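Containing TSV, C-alpha atoms (C1' of nucleotides): coords-v5.tsv.
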chain	number	residue	atom	x	y	z
A	249	MET	CA	66.29	-224.85	-36.36
A	250	PRO	CA	67.57	-221.92	-38.38
A	251	LYS	CA	69.45	-222.71	-41.51
A	252	PRO	CA	73.04	-223.35	-40.33
A	253	THR	CA	74.73	-221.24	-42.97
A	254	ALA	CA	77.81	-219.23	-42.14
A	255	SER	CA	75.84	-216.10	-42.96
A	256	GLU	CA	75.80	-213.54	-40.16
A	257	SER	CA	72.13	-213.06	-40.87
A	258	SER	CA	70.98	-216.50	-39.80
A	259	GLU	CA	69.96	-215.23	-36.41
A	260	GLN	CA	67.91	-212.23	-37.57
A	261	SER	CA	66.64	-214.28	-40.44
A	262	GLY	CA	65.19	-216.71	-37.94
A	263	ALA	CA	63.49	-213.87	-36.10
A	264	PHE	CA	61.97	-212.61	-39.32
A	265	ARG	CA	60.82	-216.12	-40.24
A	266	ALA	CA	59.17	-216.37	-36.85
A	267	PHE	CA	57.48	-213.02	-37.38
A	268	ILE	CA	55.91	-213.96	-40.69
A	269	ALA	CA	55.04	-217.47	-39.53
A	270	GLN	CA	53.21	-216.05	-36.53
A	271	LYS	CA	51.23	-213.95	-38.95
A	272	GLY	CA	50.26	-217.00	-40.96
A	273	LEU	CA	52.43	-215.86	-43.86
A	274	ARG	CA	54.99	-217.80	-45.85
A	275	ALA	CA	58.76	-217.58	-46.05
A	276	THR	CA	59.02	-217.44	-49.81
A	277	ARG	CA	62.28	-217.22	-51.68
A	278	GLN	CA	61.52	-213.70	-52.87
A	279	ARG	CA	60.42	-212.49	-49.46
A	280	MET	CA	63.62	-213.71	-47.87
A	281	ALA	CA	65.69	-212.11	-50.60
A	282	VAL	CA	64.06	-208.76	-49.91
A	283	PHE	CA	64.65	-209.26	-46.20
A	284	GLU	CA	68.31	-210.02	-46.79
A	285	ALA	CA	68.67	-207.02	-49.09
A	286	ALA	CA	66.92	-204.74	-46.64
A	287	ARG	CA	69.32	-205.47	-43.83
A	288	THR	CA	72.39	-205.47	-46.04
A	289	VAL	CA	72.12	-202.20	-47.95
A	290	SER	CA	73.78	-199.43	-45.98
A	291	GLY	CA	72.48	-195.96	-45.27
A	292	HIS	CA	69.20	-194.58	-46.48
A	293	TYR	CA	67.82	-196.30	-49.54
A	294	THR	CA	64.72	-196.11	-51.71
A	295	ALA	CA	62.32	-198.85	-52.75
A	296	GLU	CA	64.10	-198.85	-56.09
A	297	ASP	CA	67.50	-199.31	-54.44
A	298	LEU	CA	66.03	-202.18	-52.46
A	299	LEU	CA	64.72	-203.75	-55.65
A	300	LYS	CA	68.16	-203.60	-57.25
A	301	LYS	CA	69.82	-205.21	-54.26
A	302	ALA	CA	67.15	-207.87	-53.82
A	303	ARG	CA	67.40	-208.76	-57.50
A	304	SER	CA	71.13	-209.24	-57.12
A	305	LEU	CA	70.23	-211.93	-54.59
A	306	ASP	CA	67.27	-213.37	-56.45
A	307	ARG	CA	66.64	-212.43	-60.04
A	308	SER	CA	62.94	-213.15	-59.83
A	309	VAL	CA	62.06	-210.44	-57.30
A	310	SER	CA	59.63	-207.94	-58.75
A	311	ARG	CA	58.86	-204.36	-57.84
A	312	ALA	CA	55.44	-205.36	-56.57
A	313	THR	CA	56.98	-207.82	-54.15
A	314	ILE	CA	59.26	-205.11	-52.81
A	315	TYR	CA	56.32	-202.87	-52.05
A	316	ARG	CA	54.38	-205.76	-50.55
A	317	ALA	CA	57.30	-206.77	-48.36
A	318	ILE	CA	58.14	-203.35	-46.97
A	319	PRO	CA	55.24	-203.23	-44.49
A	320	LEU	CA	56.35	-206.60	-43.15
A	321	LEU	CA	59.92	-205.42	-42.74
A	322	ILE	CA	58.74	-202.37	-40.90
A	323	GLY	CA	56.33	-204.38	-38.78
A	324	SER	CA	59.11	-206.71	-37.72
A	325	SER	CA	61.48	-203.80	-37.02
A	326	VAL	CA	63.96	-204.94	-39.61
A	327	ILE	CA	63.82	-201.51	-41.24
A	328	ARG	CA	62.47	-198.08	-40.45
A	329	GLU	CA	60.75	-195.72	-42.84
A	330	VAL	CA	62.11	-192.20	-43.21
A	331	ASP	CA	59.83	-189.76	-45.00
A	332	VAL	CA	61.50	-186.42	-45.56
A	333	GLY	CA	58.79	-185.04	-47.82
A	334	ARG	CA	60.57	-185.86	-51.04
A	335	ASP	CA	58.92	-187.74	-53.87
A	336	GLN	CA	60.17	-191.09	-52.67
A	337	LYS	CA	60.39	-192.53	-49.18
A	338	TYR	CA	63.63	-193.76	-47.70
A	339	TYR	CA	64.30	-196.86	-45.67
A	340	LEU	CA	67.00	-197.69	-43.20
A	341	ALA	CA	68.17	-200.95	-41.65
A	342	GLU	CA	67.12	-200.78	-38.00
A	343	ALA	CA	70.23	-201.44	-35.95
A	344	GLY	CA	69.15	-201.86	-32.36
A	345	GLY	CA	66.06	-200.61	-30.61
A	346	ALA	CA	67.26	-197.14	-31.58
A	347	ASN	CA	64.09	-195.13	-31.60
A	348	PHE	CA	63.64	-191.38	-31.27
A	349	ARG	CA	65.90	-190.20	-33.99
A	350	ALA	CA	65.78	-186.90	-35.82
A	351	GLN	CA	66.97	-186.32	-39.37
A	352	LEU	CA	69.30	-183.61	-40.55
A	353	ILE	CA	68.53	-183.19	-44.23
A	354	CYS	CA	70.38	-181.26	-46.90
A	355	GLU	CA	67.94	-179.22	-48.93
A	356	SER	CA	69.98	-179.62	-52.10
A	357	CYS	CA	71.56	-183.06	-52.18
A	358	GLU	CA	70.87	-186.58	-51.03
A	359	THR	CA	72.52	-186.24	-47.65
A	360	ILE	CA	70.46	-187.37	-44.66
A	361	VAL	CA	72.03	-187.71	-41.23
A	362	GLU	CA	70.35	-189.60	-38.40
A	363	VAL	CA	70.64	-187.89	-35.03
A	364	ASP	CA	69.63	-189.19	-31.61
A	365	ALA	CA	66.87	-187.09	-30.11
A	366	PRO	CA	65.65	-188.94	-27.02
A	367	PHE	CA	63.74	-185.90	-25.75
A	368	MET	CA	61.20	-186.56	-28.51
A	369	GLU	CA	59.72	-189.28	-26.33
A	370	TRP	CA	59.04	-186.84	-23.54
A	371	TYR	CA	57.85	-184.17	-25.92
A	372	GLY	CA	55.43	-186.47	-27.67
A	373	LYS	CA	53.95	-187.61	-24.38
A	374	ALA	CA	53.65	-184.08	-23.06
A	375	VAL	CA	52.03	-182.60	-26.15
A	376	ALA	CA	49.66	-185.49	-26.70
A	377	ALA	CA	48.66	-185.56	-23.03
A	378	LYS	CA	47.90	-181.85	-23.07
A	379	HIS	CA	45.30	-182.61	-25.74
A	380	GLY	CA	44.04	-185.82	-24.20
A	381	MET	CA	45.64	-187.96	-26.84
A	382	ARG	CA	47.85	-191.01	-26.74
A	383	PRO	CA	51.19	-190.55	-28.52
A	384	ILE	CA	52.13	-193.12	-31.14
A	385	SER	CA	55.20	-191.75	-32.88
A	386	GLN	CA	57.12	-188.56	-33.38
A	387	LYS	CA	59.18	-187.06	-36.13
A	388	LEU	CA	61.73	-184.28	-36.01
A	389	GLN	CA	63.57	-183.04	-39.06
A	390	VAL	CA	65.96	-180.17	-39.66
A	391	THR	CA	66.53	-179.04	-43.21
A	392	ALA	CA	69.87	-177.34	-43.78
A	393	ALA	CA	72.51	-176.42	-46.32
A	394	CYS	CA	75.23	-179.03	-46.27
A	395	LEU	CA	78.91	-178.74	-46.98
A	396	ASN	CA	79.33	-182.05	-48.75
A	397	ASP	CA	81.88	-181.79	-51.55
A	398	ARG	CA	79.42	-183.44	-53.86
A	399	CYS	CA	76.55	-181.15	-52.89
A	400	PRO	CA	75.49	-179.15	-55.93
A	401	ARG	CA	74.86	-176.08	-53.79
A	402	ARG	CA	77.54	-176.49	-51.22
A	403	GLY	CA	76.88	-174.27	-48.20
A	404	ALA	CA	74.29	-172.28	-50.10
A	405	ALA	CA	70.96	-170.93	-48.83
A	406	ARG	CA	70.32	-167.60	-47.17
A	407	PRO	CA	73.33	-165.24	-47.30
B	39	MET	CA	37.33	-164.57	-34.12
B	40	PRO	CA	35.07	-162.63	-36.51
B	41	LYS	CA	34.90	-164.02	-39.98
B	42	PRO	CA	36.85	-161.62	-42.19
B	43	THR	CA	34.86	-160.13	-45.02
B	44	ALA	CA	36.16	-159.31	-48.44
B	45	SER	CA	36.40	-155.65	-47.57
B	46	GLU	CA	38.37	-156.35	-44.42
B	47	SER	CA	40.93	-158.14	-46.52
B	48	SER	CA	41.67	-155.19	-48.77
B	49	GLU	CA	44.68	-154.37	-46.67
B	50	GLN	CA	46.33	-157.77	-46.95
B	51	SER	CA	45.16	-157.88	-50.50
B	52	GLY	CA	47.21	-154.77	-51.13
B	53	ALA	CA	50.26	-156.41	-49.59
B	54	PHE	CA	49.83	-159.41	-51.82
B	55	ARG	CA	49.40	-157.20	-54.87
B	56	ALA	CA	52.62	-155.46	-53.95
B	57	PHE	CA	54.38	-158.80	-53.61
B	58	ILE	CA	53.41	-160.04	-57.04
B	59	ALA	CA	53.97	-156.66	-58.66
B	60	GLN	CA	57.46	-156.57	-57.25
B	61	LYS	CA	58.04	-159.93	-58.87
B	62	GLY	CA	56.91	-158.61	-62.21
B	63	LEU	CA	53.75	-160.72	-62.08
B	64	ARG	CA	50.17	-159.72	-62.67
B	65	ALA	CA	47.20	-159.38	-60.37
B	66	THR	CA	44.78	-161.44	-62.40
B	67	ARG	CA	41.21	-162.06	-61.42
B	68	GLN	CA	41.87	-165.75	-60.81
B	69	ARG	CA	45.02	-165.14	-58.82
B	70	MET	CA	43.23	-162.75	-56.51
B	71	ALA	CA	40.36	-165.19	-56.09
B	72	VAL	CA	42.81	-167.87	-54.98
B	73	PHE	CA	44.44	-165.41	-52.63
B	74	GLU	CA	41.11	-164.48	-51.12
B	75	ALA	CA	40.13	-168.13	-50.77
B	76	ALA	CA	43.46	-169.03	-49.21
B	77	ARG	CA	43.11	-166.54	-46.41
B	78	THR	CA	39.43	-167.19	-45.86
B	79	VAL	CA	39.22	-170.96	-45.53
B	80	SER	CA	39.75	-171.96	-41.92
B	81	GLY	CA	41.95	-174.68	-40.53
B	82	HIS	CA	44.07	-177.03	-42.58
B	83	TYR	CA	42.92	-177.44	-46.15
B	84	THR	CA	44.04	-179.25	-49.28
B	85	ALA	CA	44.64	-177.90	-52.77
B	86	GLU	CA	41.28	-179.36	-53.69
B	87	ASP	CA	39.54	-177.54	-50.84
B	88	LEU	CA	41.20	-174.36	-51.99
B	89	LEU	CA	39.96	-174.95	-55.52
B	90	LYS	CA	36.39	-175.34	-54.30
B	91	LYS	CA	36.56	-172.17	-52.27
B	92	ALA	CA	38.28	-170.17	-55.01
B	93	ARG	CA	35.68	-171.32	-57.52
B	94	SER	CA	32.95	-170.10	-55.24
B	95	LEU	CA	34.53	-166.68	-55.62
B	96	ASP	CA	35.38	-166.94	-59.31
B	97	ARG	CA	33.92	-169.71	-61.40
B	98	SER	CA	36.75	-169.62	-63.90
B	99	VAL	CA	39.54	-170.70	-61.54
B	100	SER	CA	41.12	-173.96	-62.63
B	101	ARG	CA	43.03	-176.57	-60.75
B	102	ALA	CA	46.21	-175.67	-62.60
B	103	THR	CA	45.92	-172.09	-61.44
B	104	ILE	CA	45.58	-173.27	-57.86
B	105	TYR	CA	48.79	-175.23	-58.06
B	106	ARG	CA	50.54	-172.38	-59.81
B	107	ALA	CA	49.37	-169.86	-57.20
B	108	ILE	CA	50.33	-171.85	-54.12
B	109	PRO	CA	54.07	-171.13	-54.34
B	110	LEU	CA	53.26	-167.43	-54.56
B	111	LEU	CA	51.02	-167.60	-51.52
B	112	ILE	CA	53.72	-169.38	-49.58
B	113	GLY	CA	56.40	-166.98	-50.80
B	114	SER	CA	54.36	-164.02	-49.63
B	115	SER	CA	53.62	-165.68	-46.27
B	116	VAL	CA	49.89	-165.68	-46.88
B	117	ILE	CA	49.79	-169.42	-46.23
B	118	ARG	CA	52.08	-172.09	-44.86
B	119	GLU	CA	52.49	-175.62	-46.16
B	120	VAL	CA	52.00	-178.52	-43.77
B	121	ASP	CA	53.19	-181.90	-44.99
B	122	VAL	CA	52.27	-184.68	-42.61
B	123	GLY	CA	53.28	-187.49	-44.93
B	124	ARG	CA	49.80	-188.15	-46.22
B	125	ASP	CA	49.01	-188.33	-49.90
B	126	GLN	CA	48.02	-184.70	-50.11
B	127	LYS	CA	49.65	-181.66	-48.59
B	128	TYR	CA	47.79	-179.29	-46.32
B	129	TYR	CA	47.81	-175.52	-46.26
B	130	LEU	CA	47.04	-173.09	-43.53
B	131	ALA	CA	46.35	-169.35	-43.52
B	132	GLU	CA	49.37	-167.77	-41.89
B	133	ALA	CA	48.10	-165.58	-39.07
B	134	GLY	CA	51.07	-163.64	-37.77
B	135	GLY	CA	54.76	-164.35	-38.10
B	136	ALA	CA	54.12	-167.50	-36.10
B	137	ASN	CA	56.97	-169.77	-37.03
B	138	PHE	CA	58.29	-172.82	-35.20
B	139	ARG	CA	55.13	-174.78	-34.86
B	140	ALA	CA	54.77	-178.49	-34.36
B	141	GLN	CA	51.82	-180.59	-35.48
B	142	LEU	CA	49.84	-183.03	-33.40
B	143	ILE	CA	48.30	-185.43	-35.87
B	144	CYS	CA	45.64	-188.08	-35.39
B	145	GLU	CA	46.71	-191.28	-37.08
B	146	SER	CA	43.15	-192.21	-37.95
B	147	CYS	CA	41.19	-189.08	-38.78
B	148	GLU	CA	41.70	-185.68	-40.30
B	149	THR	CA	42.54	-183.90	-37.08
B	150	ILE	CA	45.71	-181.80	-37.08
B	151	VAL	CA	46.51	-179.45	-34.23
B	152	GLU	CA	49.14	-176.73	-34.50
B	153	VAL	CA	51.31	-176.35	-31.43
B	154	ASP	CA	53.90	-173.69	-30.64
B	155	ALA	CA	57.35	-175.20	-30.35
B	156	PRO	CA	59.81	-172.31	-30.17
B	157	PHE	CA	62.65	-174.54	-29.01
B	158	MET	CA	62.82	-175.92	-32.54
B	159	GLU	CA	64.76	-172.84	-33.52
B	160	TRP	CA	67.45	-173.55	-30.99
B	161	TYR	CA	67.44	-177.25	-31.78
B	162	GLY	CA	67.82	-176.69	-35.50
B	163	LYS	CA	70.73	-174.35	-34.97
B	164	ALA	CA	72.44	-176.67	-32.53
B	165	VAL	CA	72.08	-179.82	-34.61
B	166	ALA	CA	73.04	-178.14	-37.86
B	167	ALA	CA	76.03	-176.41	-36.29
B	168	LYS	CA	77.27	-179.68	-34.85
B	169	HIS	CA	77.52	-180.94	-38.42
B	170	GLY	CA	78.85	-177.72	-39.90
B	171	MET	CA	75.59	-176.96	-41.65
B	172	ARG	CA	73.38	-173.92	-41.84
B	173	PRO	CA	69.79	-174.55	-40.67
B	174	ILE	CA	66.99	-173.56	-43.01
B	175	SER	CA	63.83	-174.98	-41.51
B	176	GLN	CA	62.65	-177.53	-39.00
B	177	LYS	CA	59.65	-179.79	-38.63
B	178	LEU	CA	58.30	-181.55	-35.58
B	179	GLN	CA	55.28	-183.82	-35.67
B	180	VAL	CA	53.64	-186.07	-33.13
B	181	THR	CA	51.28	-188.74	-34.35
B	182	ALA	CA	48.71	-189.82	-31.80
B	183	ALA	CA	45.32	-191.41	-31.28
B	184	CYS	CA	42.72	-188.72	-30.93
B	185	LEU	CA	39.51	-188.65	-28.97
B	186	ASN	CA	37.46	-186.72	-31.49
B	187	ASP	CA	33.86	-187.92	-31.49
B	188	ARG	CA	34.02	-188.20	-35.23
B	189	CYS	CA	37.30	-190.13	-35.23
B	190	PRO	CA	36.68	-193.58	-36.72
B	191	ARG	CA	39.06	-195.16	-34.25
B	192	ARG	CA	38.49	-192.98	-31.26
B	193	GLY	CA	41.26	-193.37	-28.71
B	194	ALA	CA	42.53	-196.51	-30.41
B	195	ALA	CA	46.16	-197.55	-30.94
B	196	ARG	CA	48.18	-199.12	-28.21
B	197	PRO	CA	50.80	-197.24	-26.12
C	1	DC	C1'	46.07	-230.17	-52.00
C	2	DT	C1'	45.01	-225.23	-50.36
C	3	DG	C1'	45.25	-220.85	-50.71
C	4	DC	C1'	48.75	-217.56	-49.90
C	5	DC	C1'	52.27	-215.31	-53.23
C	6	DT	C1'	54.22	-213.77	-57.27
C	7	DG	C1'	55.20	-211.14	-61.74
C	8	DC	C1'	53.14	-208.34	-65.02
C	9	DA	C1'	50.99	-204.49	-66.31
C	10	DA	C1'	47.30	-201.51	-65.82
C	11	DA	C1'	45.32	-198.42	-62.49
C	12	DC	C1'	45.51	-194.65	-59.14
C	13	DT	C1'	46.35	-190.14	-56.99
C	14	DC	C1'	48.21	-185.90	-56.61
C	15	DT	C1'	50.74	-182.62	-59.04
C	16	DT	C1'	53.07	-180.69	-63.09
C	17	DT	C1'	53.39	-179.17	-67.81
C	18	DG	C1'	52.66	-178.10	-73.08
C	19	DC	C1'	49.75	-175.57	-75.88
C	20	DA	C1'	47.09	-171.94	-77.93
C	21	DC	C1'	44.01	-168.51	-76.58
C	22	DG	C1'	42.99	-164.54	-73.31
C	23	DA	C1'	43.91	-160.56	-70.66
C	24	DA	C1'	46.68	-157.28	-67.60
C	25	DT	C1'	49.71	-153.48	-68.01
D	199	DA	C1'	51.06	-154.27	-78.29
D	200	DT	C1'	53.53	-157.34	-75.31
D	201	DT	C1'	54.02	-160.80	-72.41
D	202	DC	C1'	52.50	-163.19	-68.91
D	203	DG	C1'	48.52	-166.09	-67.31
D	204	DT	C1'	44.94	-169.26	-68.01
D	205	DG	C1'	42.05	-173.60	-68.88
D	206	DC	C1'	42.26	-177.94	-70.71
D	207	DA	C1'	43.94	-182.23	-70.94
D	208	DA	C1'	47.64	-185.19	-71.11
D	209	DA	C1'	51.83	-186.44	-68.94
D	210	DG	C1'	54.56	-187.87	-64.76
D	211	DA	C1'	56.11	-190.39	-60.73
D	212	DG	C1'	55.83	-193.36	-57.04
D	213	DT	C1'	52.99	-196.76	-55.28
D	214	DT	C1'	49.04	-200.00	-55.38
D	215	DT	C1'	46.20	-203.59	-57.19
D	216	DG	C1'	43.63	-207.22	-60.32
D	217	DC	C1'	44.61	-211.34	-62.52
D	218	DA	C1'	46.14	-215.97	-63.74
D	219	DG	C1'	49.23	-219.10	-62.54
D	220	DG	C1'	53.06	-220.94	-58.96
D	221	DC	C1'	54.79	-222.74	-54.80
D	222	DA	C1'	55.09	-223.14	-49.51
D	223	DG	C1'	53.22	-225.76	-45.85

Do you think you could lay out the structure here as structure tokens?
Amino acid sequence: MPKPTASESSEQSGAFRAFIAQKGLRATRQRMAVFEAARTVSGHYTAEDLLKKARSLDRSVSRATIYRAIPLLIGSSVIREVDVGRDQKYYLAEAGGANFRAQLICESCETIVEVDAPFMEWYGKAVAAKHGMRPISQKLQVTAACLNDRCPRRGAARP
Amino acid sequence: MPKPTASESSEQSGAFRAFIAQKGLRATRQRMAVFEAARTVSGHYTAEDLLKKARSLDRSVSRATIYRAIPLLIGSSVIREVDVGRDQKYYLAEAGGANFRAQLICESCETIVEVDAPFMEWYGKAVAAKHGMRPISQKLQVTAACLNDRCPRRGAARP
DNA sequence: CTGCCTGCAAACTCTTTGCACGAAT
DNA sequence: ATTCGTGCAAAGAGTTTGCAGGCAG
């Protein structure tokens, strides 16, 4: 059934098509371009980055479509949202079922490192249970001074 | 906990005055009203809440002054900023030197519970060190479905 | 054919900032 | 007197949304 292109994405693409079909939505050209861009861009990217990449695949993709597609991409686990409290949110292609990740964030430059933190699952359950609540998600972030050569304040912060 | 009166705050007020004086700033009427409001309002509050309270103490306080005072209040440890990824940030009167707190956040209503999480200090150090970085701060948040009577989606959300 | 989707641009929300007057030291 | 501080209002930035066609199913 899936389009028999040589593209390595045909499989995931089919899964995404199924996801939107099941929701009564349509596999438009623009939507699929955003999907393809979302899983192709590497590392953490912004909505604007995603727009650039999607446009390189389909010139007609607009900013509005990007923002309207993002919730679908998250809902279908194609990407994950990473909010580190900056002005813009970041997104990340979701590799496997890799949940429970912490972020190590440089306070001065763009660097964000994903770190496995499986104990978050236990912690979330424990804390929520103690207050009679049902855990839904957890977030753990460490802000630090990085040593990246390109970091404007390499190794700075607190003497 | 007895509600602190204006006179009871004179001590902390003095500390705050010292802080701004040491920075070469001035103890203006508006600034002190915001300070007094910041340490009086209970629970988590927004900049807008702070404005309301400060205005009840001094009619002339403007929104701009609130936003300009907040960094001073944080810098002098009078309040702490709590960013849970919503559109507005929250602030909280800083009781003691209580650092390393996690937040338990209801995904549907306003409820935010502060939870001690001292292990964050160790975790931040360990993770940062592993990447040759120097830890600066850490944040841990658990989103959950709450059982508050006033919660619009009481106990909702699937496991 | 239906009605979901799209691009465009205006709208929105919280926060920041330029300006000229006001006030703390 | 000096500067810093203030209110006002406009500017900003990222994201959302109303509208009039366009296209998937």

- [ ] Pull out every residue of chain A that has at least one atom within 12 Å of chain D, counting only C-alpha atoms (C1' of nucleotides), and report them as a list of chain:residue names.
- [x]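 Every residue of chain A that passes the 12 Å test is in A:Ala269, A:Gly272, A:Leu273, A:Arg274, A:Ala275, A:Thr276, A:Arg277, A:Gln278, A:Arg279, A:Thr294, A:Ala295, A:Glu296, A:Arg311, A:Ala312, A:Thr313, A:Ile314, A:Tyr315, A:Arg316, A:Ile318, A:Arg334, A:Asp335, A:Gln336, A:Lys337.
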
TODO: Over all Cα atoms in order, fit chain B to chain A and jot down the RMSD to one decimal place.
DONE: 3.5 Å

Please, which residues in chain B fall within 6 Å of chain A when counting all atoms listed in the file, and what is the closest atom pair and distance in Å to one decimal for each, ordered by chain then residue number, as JSON lines?
{"residue": "B:Gly162", "atom": "CA", "partner": "A:Val390", "partner_atom": "CA", "distance": 5.7}
{"residue": "B:Met171", "atom": "CA", "partner": "A:Cys394", "partner_atom": "CA", "distance": 5.1}
{"residue": "B:Arg172", "atom": "CA", "partner": "A:Ala393", "partner_atom": "CA", "distance": 5.2}
{"residue": "B:Pro173", "atom": "CA", "partner": "A:Ala392", "partner_atom": "CA", "distance": 4.2}
{"residue": "B:Ile174", "atom": "CA", "partner": "A:Ala392", "partner_atom": "CA", "distance": 4.8}
{"residue": "B:Ser175", "atom": "CA", "partner": "A:Thr391", "partner_atom": "CA", "distance": 5.2}
{"residue": "B:Gln176", "atom": "CA", "partner": "A:Val390", "partner_atom": "CA", "distance": 4.3}
{"residue": "B:Lys177", "atom": "CA", "partner": "A:Gln389", "partner_atom": "CA", "distance": 5.1}
{"residue": "B:Leu178", "atom": "CA", "partner": "A:Leu388", "partner_atom": "CA", "distance": 4.4}
{"residue": "B:Gln179", "atom": "CA", "partner": "A:Lys387", "partner_atom": "CA", "distance": 5.1}
{"residue": "B:Val180", "atom": "CA", "partner": "A:Gln386", "partner_atom": "CA", "distance": 4.3}
{"residue": "B:Thr181", "atom": "CA", "partner": "A:Ser385", "partner_atom": "CA", "distance": 5.2}
{"residue": "B:Ala182", "atom": "CA", "partner": "A:Pro383", "partner_atom": "CA", "distance": 4.2}
{"residue": "B:Ala183", "atom": "CA", "partner": "A:Arg382", "partner_atom": "CA", "distance": 5.2}
{"residue": "B:Cys184", "atom": "CA", "partner": "A:Met381", "partner_atom": "CA", "distance": 5.1}

Task: All residues 6 Å or closer to B:Val116, all atoms listed in the file, same chain fewer than 3 positions away omitted, as a PyMOL selection string - done: chain B and resi 111-112+132

- [ ] Tell me, as an NGL selection string, which residues lie within 8 Å of stretch 289-291 of chain A, counting all atoms listed in the file; anything in the same chain fewer than 5 positions away does not count.
- [x] :A and (298 or 301 or 340-341)

Open item on the list: Please check the contacts: residues of chain C at most 8 Å away from chain B, using only C-alpha atoms (C1' of nucleotides), listed as a list in words.
Closed with: DT13, DC14, DT15 and DA24 of chain C

Task: Test item: residues at most 12 Å from B:Lys61, all atoms listed in the file, excluding those fewer than 4 positions along its chain, as a VMD selection string - done: (chain B and resid 54 to 57 65 110 113 to 114) or (chain D and resid 202)

TODO: Take atom CA of B:Gln50 and atom CA of B:Arg77 and report the distance between them in Å, one decimal.
DONE: 9.4 Å

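Picture a line from atom CA of A:Ala374 to atom CA of B:Trp160; it runs 19.1 Å.
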
Open item on the list: Between atom CA of A:Gln270 and atom CA of A:Arg349, what distance in Å does the model show, to one decimal?
Closed with: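 Interatomic distance, atom CA of A:Gln270 to atom CA of A:Arg349: 28.9 Å.
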
Centre and size of axis-aligned box enclosing stretch 51-69 of chain B plus 5 Å each side, as JSON:
{"center_x": 49.6, "center_y": -160.3, "center_z": -56.1, "size_x": 26.8, "size_y": 21.0, "size_z": 23.1}

- [ ] Could you give me, as a list of chain:residue names, the residues within 9 Å of A:Ala285, counting only C-alpha atoms (C1' of nucleotides) and dropping anything in the same chain fewer than 5 positions from it?
- [x]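 My reading of the contact set: A:Met280, A:Leu298, A:Leu299, A:Lys300, A:Lys301, A:Ala302, A:Arg303, A:Ser304, A:Leu305.
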
Mind completing stretch 373-385 of chain A with N, CA and C atoms? Output as an mmCIF file, in the frame of the given file, please?
data_model
loop_
_atom_site.group_PDB
_atom_site.id
_atom_site.type_symbol
_atom_site.label_atom_id
_atom_site.label_comp_id
_atom_site.auth_asym_id
_atom_site.auth_seq_id
_atom_site.Cartn_x
_atom_site.Cartn_y
_atom_site.Cartn_z
ATOM 1 N N LYS A 373 54.872 -187.308 -25.490
ATOM 2 C CA LYS A 373 53.950 -187.610 -24.380
ATOM 3 C C LYS A 373 53.317 -186.344 -23.849
ATOM 4 N N ALA A 374 54.140 -185.332 -23.638
ATOM 5 C CA ALA A 374 53.650 -184.080 -23.060
ATOM 6 C C ALA A 374 52.610 -183.419 -23.956
ATOM 7 N N VAL A 375 52.943 -183.277 -25.226
ATOM 8 C CA VAL A 375 52.030 -182.600 -26.150
ATOM 9 C C VAL A 375 50.733 -183.374 -26.331
ATOM 10 N N ALA A 376 50.854 -184.672 -26.509
ATOM 11 C CA ALA A 376 49.660 -185.490 -26.700
ATOM 12 C C ALA A 376 48.780 -185.432 -25.456
ATOM 13 N N ALA A 377 49.413 -185.570 -24.283
ATOM 14 C CA ALA A 377 48.660 -185.560 -23.030
ATOM 15 C C ALA A 377 47.895 -184.254 -22.861
ATOM 16 N N LYS A 378 48.527 -183.162 -23.207
ATOM 17 C CA LYS A 378 47.900 -181.850 -23.070
ATOM 18 C C LYS A 378 46.609 -181.769 -23.878
ATOM 19 N N HIS A 379 46.504 -182.612 -24.919
ATOM 20 C CA HIS A 379 45.300 -182.610 -25.740
ATOM 21 C C HIS A 379 44.490 -183.894 -25.542
ATOM 22 N N GLY A 380 44.783 -184.604 -24.484
ATOM 23 C CA GLY A 380 44.040 -185.820 -24.200
ATOM 24 C C GLY A 380 44.218 -186.901 -25.237
ATOM 25 N N MET A 381 45.402 -186.944 -25.824
ATOM 26 C CA MET A 381 45.640 -187.960 -26.840
ATOM 27 C C MET A 381 46.756 -188.900 -26.403
ATOM 28 N N ARG A 382 46.814 -190.040 -27.072
ATOM 29 C CA ARG A 382 47.850 -191.010 -26.740
ATOM 30 C C ARG A 382 48.909 -190.992 -27.840
ATOM 31 N N PRO A 383 50.146 -190.658 -27.503
ATOM 32 C CA PRO A 383 51.190 -190.550 -28.520
ATOM 33 C C PRO A 383 51.515 -191.906 -29.143
ATOM 34 N N ILE A 384 51.809 -191.890 -30.428
ATOM 35 C CA ILE A 384 52.130 -193.120 -31.140
ATOM 36 C C ILE A 384 53.534 -193.046 -31.721
ATOM 37 N N SER A 385 53.853 -191.921 -32.343
ATOM 38 C CA SER A 385 55.200 -191.750 -32.880
ATOM 39 C C SER A 385 55.492 -190.278 -33.033
#
